[in-house]
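Notes follow once the structure below has been shown.
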Amino acid sequence: GKSLSEEWYKKMLTTQSGTVFIITSGVDFFHPDNKSFSSFTKNGGPFSLNANQVWGIFEDSKKNVWIGTPNGINLFDATRNKLFYFTPED
């Protein structure tokens with residue numbers, strides 16, 4: 001897409017590679033290479049967020065992006081452009 005999925009946002013994170021993650025009702029991210037937006041929401045799919053309420057976002061020293069929600073932690077794999085999630089039971 002060419003714009004954010006919402007007109008508001010809570011937090012932003014710019015990664016070491018230049019991708020901008022924006023917490024809305026889910027997570028939008030801006031791809032600087034092709035100047036487009038993508039988003040992740042809870043849609044029940046295997047690579048979706050485990051909740052739309054996002055509490056925080058963090059990039060670690062290995063360039064992994066971690067997204068915290070009430071239902072657990074999501075890991076964004078930039079090489080595959082997919083999310084994986086972990087619940088408190090994991």
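For the structure tokens, the naming scheme is as follows: chains receive sequential letters (A, B, ...) according to their order of presentation, residues are indexed from 1 within each chain, and ligands are indexed from 1 in presentation order.
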
Taking only C-alpha atoms into account, produce a table as JSON lines in which each residue of segment 7-62 of chain A with an atom at most 12 Å from an atom of segment 83-88 of chain A appears once, together with its shortest atom pair and the distance in Å to one decimal, ordered by chain and rising number.
{"residue": "A:Val27", "atom": "CA", "partner": "A:Leu83", "partner_atom": "CA", "distance": 10.9}
{"residue": "A:Ser39", "atom": "CA", "partner": "A:Leu83", "partner_atom": "CA", "distance": 10.9}
{"residue": "A:Phe40", "atom": "CA", "partner": "A:Leu83", "partner_atom": "CA", "distance": 8.2}
{"residue": "A:Thr41", "atom": "CA", "partner": "A:Leu83", "partner_atom": "CA", "distance": 10.2}
{"residue": "A:Lys42", "atom": "CA", "partner": "A:Leu83", "partner_atom": "CA", "distance": 10.8}
{"residue": "A:Gly44", "atom": "CA", "partner": "A:Tyr85", "partner_atom": "CA", "distance": 11.9}
{"residue": "A:Gly45", "atom": "CA", "partner": "A:Leu83", "partner_atom": "CA", "distance": 10.2}
{"residue": "A:Pro46", "atom": "CA", "partner": "A:Phe84", "partner_atom": "CA", "distance": 7.8}
{"residue": "A:Phe47", "atom": "CA", "partner": "A:Leu83", "partner_atom": "CA", "distance": 4.9}
{"residue": "A:Ser48", "atom": "CA", "partner": "A:Leu83", "partner_atom": "CA", "distance": 6.1}
{"residue": "A:Leu49", "atom": "CA", "partner": "A:Leu83", "partner_atom": "CA", "distance": 6.9}
{"residue": "A:Asn50", "atom": "CA", "partner": "A:Tyr85", "partner_atom": "CA", "distance": 6.5}
{"residue": "A:Ala51", "atom": "CA", "partner": "A:Tyr85", "partner_atom": "CA", "distance": 10.0}

Take the residues just selected and output them with N, CA and C atoms as a PDB file, in the first residue's frame.
ATOM      1  N   VAL A  27       0.529  -3.776  13.385  1.00  0.00           N
ATOM      2  CA  VAL A  27       1.829  -3.177  13.080  1.00  0.00           C
ATOM      3  C   VAL A  27       1.919  -2.926  11.578  1.00  0.00           C
ATOM      4  N   SER A  39       1.281  -4.379   6.383  1.00  0.00           N
ATOM      5  CA  SER A  39       0.808  -4.427   7.761  1.00  0.00           C
ATOM      6  C   SER A  39       0.594  -5.856   8.209  1.00  0.00           C
ATOM      7  N   PHE A  40       0.717  -6.033   9.519  1.00  0.00           N
ATOM      8  CA  PHE A  40       0.396  -7.292  10.166  1.00  0.00           C
ATOM      9  C   PHE A  40      -0.707  -7.023  11.177  1.00  0.00           C
ATOM     10  N   THR A  41      -1.732  -7.857  11.166  1.00  0.00           N
ATOM     11  CA  THR A  41      -2.796  -7.810  12.153  1.00  0.00           C
ATOM     12  C   THR A  41      -3.102  -9.231  12.582  1.00  0.00           C
ATOM     13  N   LYS A  42      -3.955  -9.355  13.575  1.00  0.00           N
ATOM     14  CA  LYS A  42      -4.414 -10.686  13.970  1.00  0.00           C
ATOM     15  C   LYS A  42      -5.518 -11.083  13.006  1.00  0.00           C
ATOM     16  N   GLY A  44      -5.803 -14.668  12.220  1.00  0.00           N
ATOM     17  CA  GLY A  44      -5.976 -16.105  12.365  1.00  0.00           C
ATOM     18  C   GLY A  44      -5.055 -16.939  11.504  1.00  0.00           C
ATOM     19  N   GLY A  45      -4.297 -16.297  10.642  1.00  0.00           N
ATOM     20  CA  GLY A  45      -3.375 -17.027   9.785  1.00  0.00           C
ATOM     21  C   GLY A  45      -2.123 -17.437  10.543  1.00  0.00           C
ATOM     22  N   PRO A  46      -1.364 -18.354   9.973  1.00  0.00           N
ATOM     23  CA  PRO A  46      -0.170 -18.847  10.677  1.00  0.00           C
ATOM     24  C   PRO A  46       0.937 -17.809  10.835  1.00  0.00           C
ATOM     25  N   PHE A  47       0.939 -16.766  10.038  1.00  0.00           N
ATOM     26  CA  PHE A  47       1.988 -15.752  10.128  1.00  0.00           C
ATOM     27  C   PHE A  47       1.409 -14.374  10.460  1.00  0.00           C
ATOM     28  N   SER A  48       0.358 -14.364  11.288  1.00  0.00           N
ATOM     29  CA  SER A  48      -0.248 -13.097  11.690  1.00  0.00           C
ATOM     30  C   SER A  48       0.151 -12.769  13.124  1.00  0.00           C
ATOM     31  N   LEU A  49      -0.129 -11.535  13.547  1.00  0.00           N
ATOM     32  CA  LEU A  49       0.092 -11.172  14.949  1.00  0.00           C
ATOM     33  C   LEU A  49      -0.803 -12.030  15.836  1.00  0.00           C
ATOM     34  N   ASN A  50      -0.364 -12.268  17.069  1.00  0.00           N
ATOM     35  CA  ASN A  50      -1.212 -13.041  17.970  1.00  0.00           C
ATOM     36  C   ASN A  50      -2.205 -12.155  18.716  1.00  0.00           C
ATOM     37  N   ALA A  51      -2.176 -10.851  18.514  1.00  0.00           N
ATOM     38  CA  ALA A  51      -3.163  -9.903  19.043  1.00  0.00           C
ATOM     39  C   ALA A  51      -2.976  -8.570  18.316  1.00  0.00           C
TER      40      ALA A  51
END

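Contact shell of segment 11-24 of chain A at 9 Å (only C-alpha atoms; same-chain neighbours under 5 positions omitted): Leu4, Ser5, Glu6, Phe29, Phe30, His31, Pro32, Asp33, Asn52, Gln53, Val54, Trp55, Gly56, Ile57, Phe58, Glu59, Lys63 and Val65 of chain A.
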
Report the residues of segment 14-87 of chain A whose backbone DSSP state falls under strand (DSSP E), written as a PDB file with N, CA and C atoms, in the first residue's frame.
ATOM      1  N   THR A  14      12.642   2.533  13.971  1.00  0.00           N
ATOM      2  CA  THR A  14      13.415   2.436  12.737  1.00  0.00           C
ATOM      3  C   THR A  14      14.529   1.432  12.984  1.00  0.00           C
ATOM      4  N   VAL A  20      10.870   0.979   8.813  1.00  0.00           N
ATOM      5  CA  VAL A  20      10.178   1.688   9.886  1.00  0.00           C
ATOM      6  C   VAL A  20       8.942   0.886  10.280  1.00  0.00           C
ATOM      7  N   PHE A  21       8.887   0.448  11.551  1.00  0.00           N
ATOM      8  CA  PHE A  21       7.735  -0.259  12.095  1.00  0.00           C
ATOM      9  C   PHE A  21       6.889   0.748  12.863  1.00  0.00           C
ATOM     10  N   ILE A  22       5.580   0.720  12.629  1.00  0.00           N
ATOM     11  CA  ILE A  22       4.667   1.686  13.221  1.00  0.00           C
ATOM     12  C   ILE A  22       3.537   0.920  13.894  1.00  0.00           C
ATOM     13  N   ILE A  23       3.362   1.131  15.211  1.00  0.00           N
ATOM     14  CA  ILE A  23       2.293   0.457  15.935  1.00  0.00           C
ATOM     15  C   ILE A  23       1.007   1.245  15.747  1.00  0.00           C
ATOM     16  N   THR A  24       0.006   0.598  15.147  1.00  0.00           N
ATOM     17  CA  THR A  24      -1.337   1.159  14.985  1.00  0.00           C
ATOM     18  C   THR A  24      -2.273   0.161  15.664  1.00  0.00           C
ATOM     19  N   GLY A  26      -2.385  -3.000  15.235  1.00  0.00           N
ATOM     20  CA  GLY A  26      -1.542  -4.000  14.608  1.00  0.00           C
ATOM     21  C   GLY A  26      -0.187  -3.343  14.401  1.00  0.00           C
ATOM     22  N   VAL A  27       0.529  -3.776  13.385  1.00  0.00           N
ATOM     23  CA  VAL A  27       1.829  -3.177  13.080  1.00  0.00           C
ATOM     24  C   VAL A  27       1.919  -2.926  11.578  1.00  0.00           C
ATOM     25  N   ASP A  28       2.167  -1.692  11.223  1.00  0.00           N
ATOM     26  CA  ASP A  28       2.458  -1.337   9.831  1.00  0.00           C
ATOM     27  C   ASP A  28       3.969  -1.224   9.702  1.00  0.00           C
ATOM     28  N   PHE A  29       4.489  -1.484   8.528  1.00  0.00           N
ATOM     29  CA  PHE A  29       5.899  -1.202   8.317  1.00  0.00           C
ATOM     30  C   PHE A  29       6.137  -0.649   6.930  1.00  0.00           C
ATOM     31  N   PHE A  30       7.084   0.283   6.885  1.00  0.00           N
ATOM     32  CA  PHE A  30       7.424   0.999   5.665  1.00  0.00           C
ATOM     33  C   PHE A  30       8.703   0.416   5.098  1.00  0.00           C
ATOM     34  N   HIS A  31       8.646   0.037   3.820  1.00  0.00           N
ATOM     35  CA  HIS A  31       9.809  -0.500   3.112  1.00  0.00           C
ATOM     36  C   HIS A  31      10.485   0.660   2.379  1.00  0.00           C
ATOM     37  N   SER A  36       6.863   1.554   0.074  1.00  0.00           N
ATOM     38  CA  SER A  36       5.512   1.033   0.254  1.00  0.00           C
ATOM     39  C   SER A  36       5.303   0.602   1.709  1.00  0.00           C
ATOM     40  N   PHE A  37       4.048   0.458   2.088  1.00  0.00           N
ATOM     41  CA  PHE A  37       3.669   0.003   3.419  1.00  0.00           C
ATOM     42  C   PHE A  37       3.098  -1.411   3.339  1.00  0.00           C
ATOM     43  N   SER A  38       3.311  -2.168   4.399  1.00  0.00           N
ATOM     44  CA  SER A  38       2.662  -3.456   4.618  1.00  0.00           C
ATOM     45  C   SER A  38       2.151  -3.440   6.046  1.00  0.00           C
ATOM     46  N   SER A  39       1.281  -4.379   6.383  1.00  0.00           N
ATOM     47  CA  SER A  39       0.808  -4.427   7.761  1.00  0.00           C
ATOM     48  C   SER A  39       0.594  -5.856   8.209  1.00  0.00           C
ATOM     49  N   PHE A  40       0.717  -6.033   9.519  1.00  0.00           N
ATOM     50  CA  PHE A  40       0.396  -7.292  10.166  1.00  0.00           C
ATOM     51  C   PHE A  40      -0.707  -7.023  11.177  1.00  0.00           C
ATOM     52  N   GLY A  56       4.590  -3.182  22.780  1.00  0.00           N
ATOM     53  CA  GLY A  56       5.929  -2.671  22.557  1.00  0.00           C
ATOM     54  C   GLY A  56       6.599  -3.341  21.380  1.00  0.00           C
ATOM     55  N   ILE A  57       7.698  -2.750  20.953  1.00  0.00           N
ATOM     56  CA  ILE A  57       8.459  -3.264  19.820  1.00  0.00           C
ATOM     57  C   ILE A  57       9.932  -2.979  20.078  1.00  0.00           C
ATOM     58  N   PHE A  58      10.795  -3.931  19.692  1.00  0.00           N
ATOM     59  CA  PHE A  58      12.213  -3.831  20.025  1.00  0.00           C
ATOM     60  C   PHE A  58      13.034  -4.562  18.980  1.00  0.00           C
ATOM     61  N   GLU A  59      14.157  -3.983  18.588  1.00  0.00           N
ATOM     62  CA  GLU A  59      15.107  -4.665  17.701  1.00  0.00           C
ATOM     63  C   GLU A  59      16.333  -5.052  18.521  1.00  0.00           C
ATOM     64  N   VAL A  65      13.331  -8.340  15.170  1.00  0.00           N
ATOM     65  CA  VAL A  65      12.346  -7.404  15.688  1.00  0.00           C
ATOM     66  C   VAL A  65      11.321  -8.196  16.485  1.00  0.00           C
ATOM     67  N   TRP A  66      11.171  -7.844  17.752  1.00  0.00           N
ATOM     68  CA  TRP A  66      10.268  -8.498  18.689  1.00  0.00           C
ATOM     69  C   TRP A  66       9.091  -7.573  18.960  1.00  0.00           C
ATOM     70  N   ILE A  67       7.880  -8.129  18.926  1.00  0.00           N
ATOM     71  CA  ILE A  67       6.659  -7.357  19.116  1.00  0.00           C
ATOM     72  C   ILE A  67       5.884  -7.983  20.268  1.00  0.00           C
ATOM     73  N   GLY A  68       5.656  -7.209  21.331  1.00  0.00           N
ATOM     74  CA  GLY A  68       4.955  -7.722  22.504  1.00  0.00           C
ATOM     75  C   GLY A  68       3.477  -7.383  22.476  1.00  0.00           C
ATOM     76  N   THR A  69       2.636  -8.381  22.792  1.00  0.00           N
ATOM     77  CA  THR A  69       1.184  -8.210  22.858  1.00  0.00           C
ATOM     78  C   THR A  69       0.669  -8.873  24.134  1.00  0.00           C
ATOM     79  N   GLY A  72       1.369 -12.725  24.074  1.00  0.00           N
ATOM     80  CA  GLY A  72       2.707 -13.276  23.933  1.00  0.00           C
ATOM     81  C   GLY A  72       3.603 -12.381  23.100  1.00  0.00           C
ATOM     82  N   ILE A  73       4.650 -13.000  22.564  1.00  0.00           N
ATOM     83  CA  ILE A  73       5.667 -12.258  21.819  1.00  0.00           C
ATOM     84  C   ILE A  73       5.690 -12.738  20.370  1.00  0.00           C
ATOM     85  N   ASN A  74       5.819 -11.804  19.454  1.00  0.00           N
ATOM     86  CA  ASN A  74       5.932 -12.096  18.030  1.00  0.00           C
ATOM     87  C   ASN A  74       7.346 -11.781  17.574  1.00  0.00           C
ATOM     88  N   LEU A  75       7.881 -12.595  16.699  1.00  0.00           N
ATOM     89  CA  LEU A  75       9.204 -12.385  16.120  1.00  0.00           C
ATOM     90  C   LEU A  75       9.034 -12.142  14.632  1.00  0.00           C
ATOM     91  N   PHE A  76       9.544 -11.012  14.145  1.00  0.00           N
ATOM     92  CA  PHE A  76       9.500 -10.709  12.718  1.00  0.00           C
ATOM     93  C   PHE A  76      10.779 -11.195  12.072  1.00  0.00           C
ATOM     94  N   ASP A  77      10.642 -12.083  11.092  1.00  0.00           N
ATOM     95  CA  ASP A  77      11.769 -12.609  10.332  1.00  0.00           C
ATOM     96  C   ASP A  77      11.863 -11.807   9.033  1.00  0.00           C
ATOM     97  N   LYS A  82       7.995 -12.647   7.437  1.00  0.00           N
ATOM     98  CA  LYS A  82       6.940 -13.367   8.150  1.00  0.00           C
ATOM     99  C   LYS A  82       7.058 -13.142   9.643  1.00  0.00           C
ATOM    100  N   LEU A  83       5.926 -13.301  10.317  1.00  0.00           N
ATOM    101  CA  LEU A  83       5.870 -13.241  11.774  1.00  0.00           C
ATOM    102  C   LEU A  83       5.714 -14.638  12.343  1.00  0.00           C
ATOM    103  N   PHE A  84       6.359 -14.864  13.452  1.00  0.00           N
ATOM    104  CA  PHE A  84       6.184 -16.091  14.221  1.00  0.00           C
ATOM    105  C   PHE A  84       5.856 -15.661  15.636  1.00  0.00           C
ATOM    106  N   TYR A  85       4.978 -16.388  16.325  1.00  0.00           N
ATOM    107  CA  TYR A  85       4.641 -15.945  17.664  1.00  0.00           C
ATOM    108  C   TYR A  85       4.831 -17.039  18.695  1.00  0.00           C
ATOM    109  N   PHE A  86       5.062 -16.559  19.909  1.00  0.00           N
ATOM    110  CA  PHE A  86       5.289 -17.412  21.056  1.00  0.00           C
ATOM    111  C   PHE A  86       4.278 -17.000  22.131  1.00  0.00           C
TER     112      PHE A  86
END
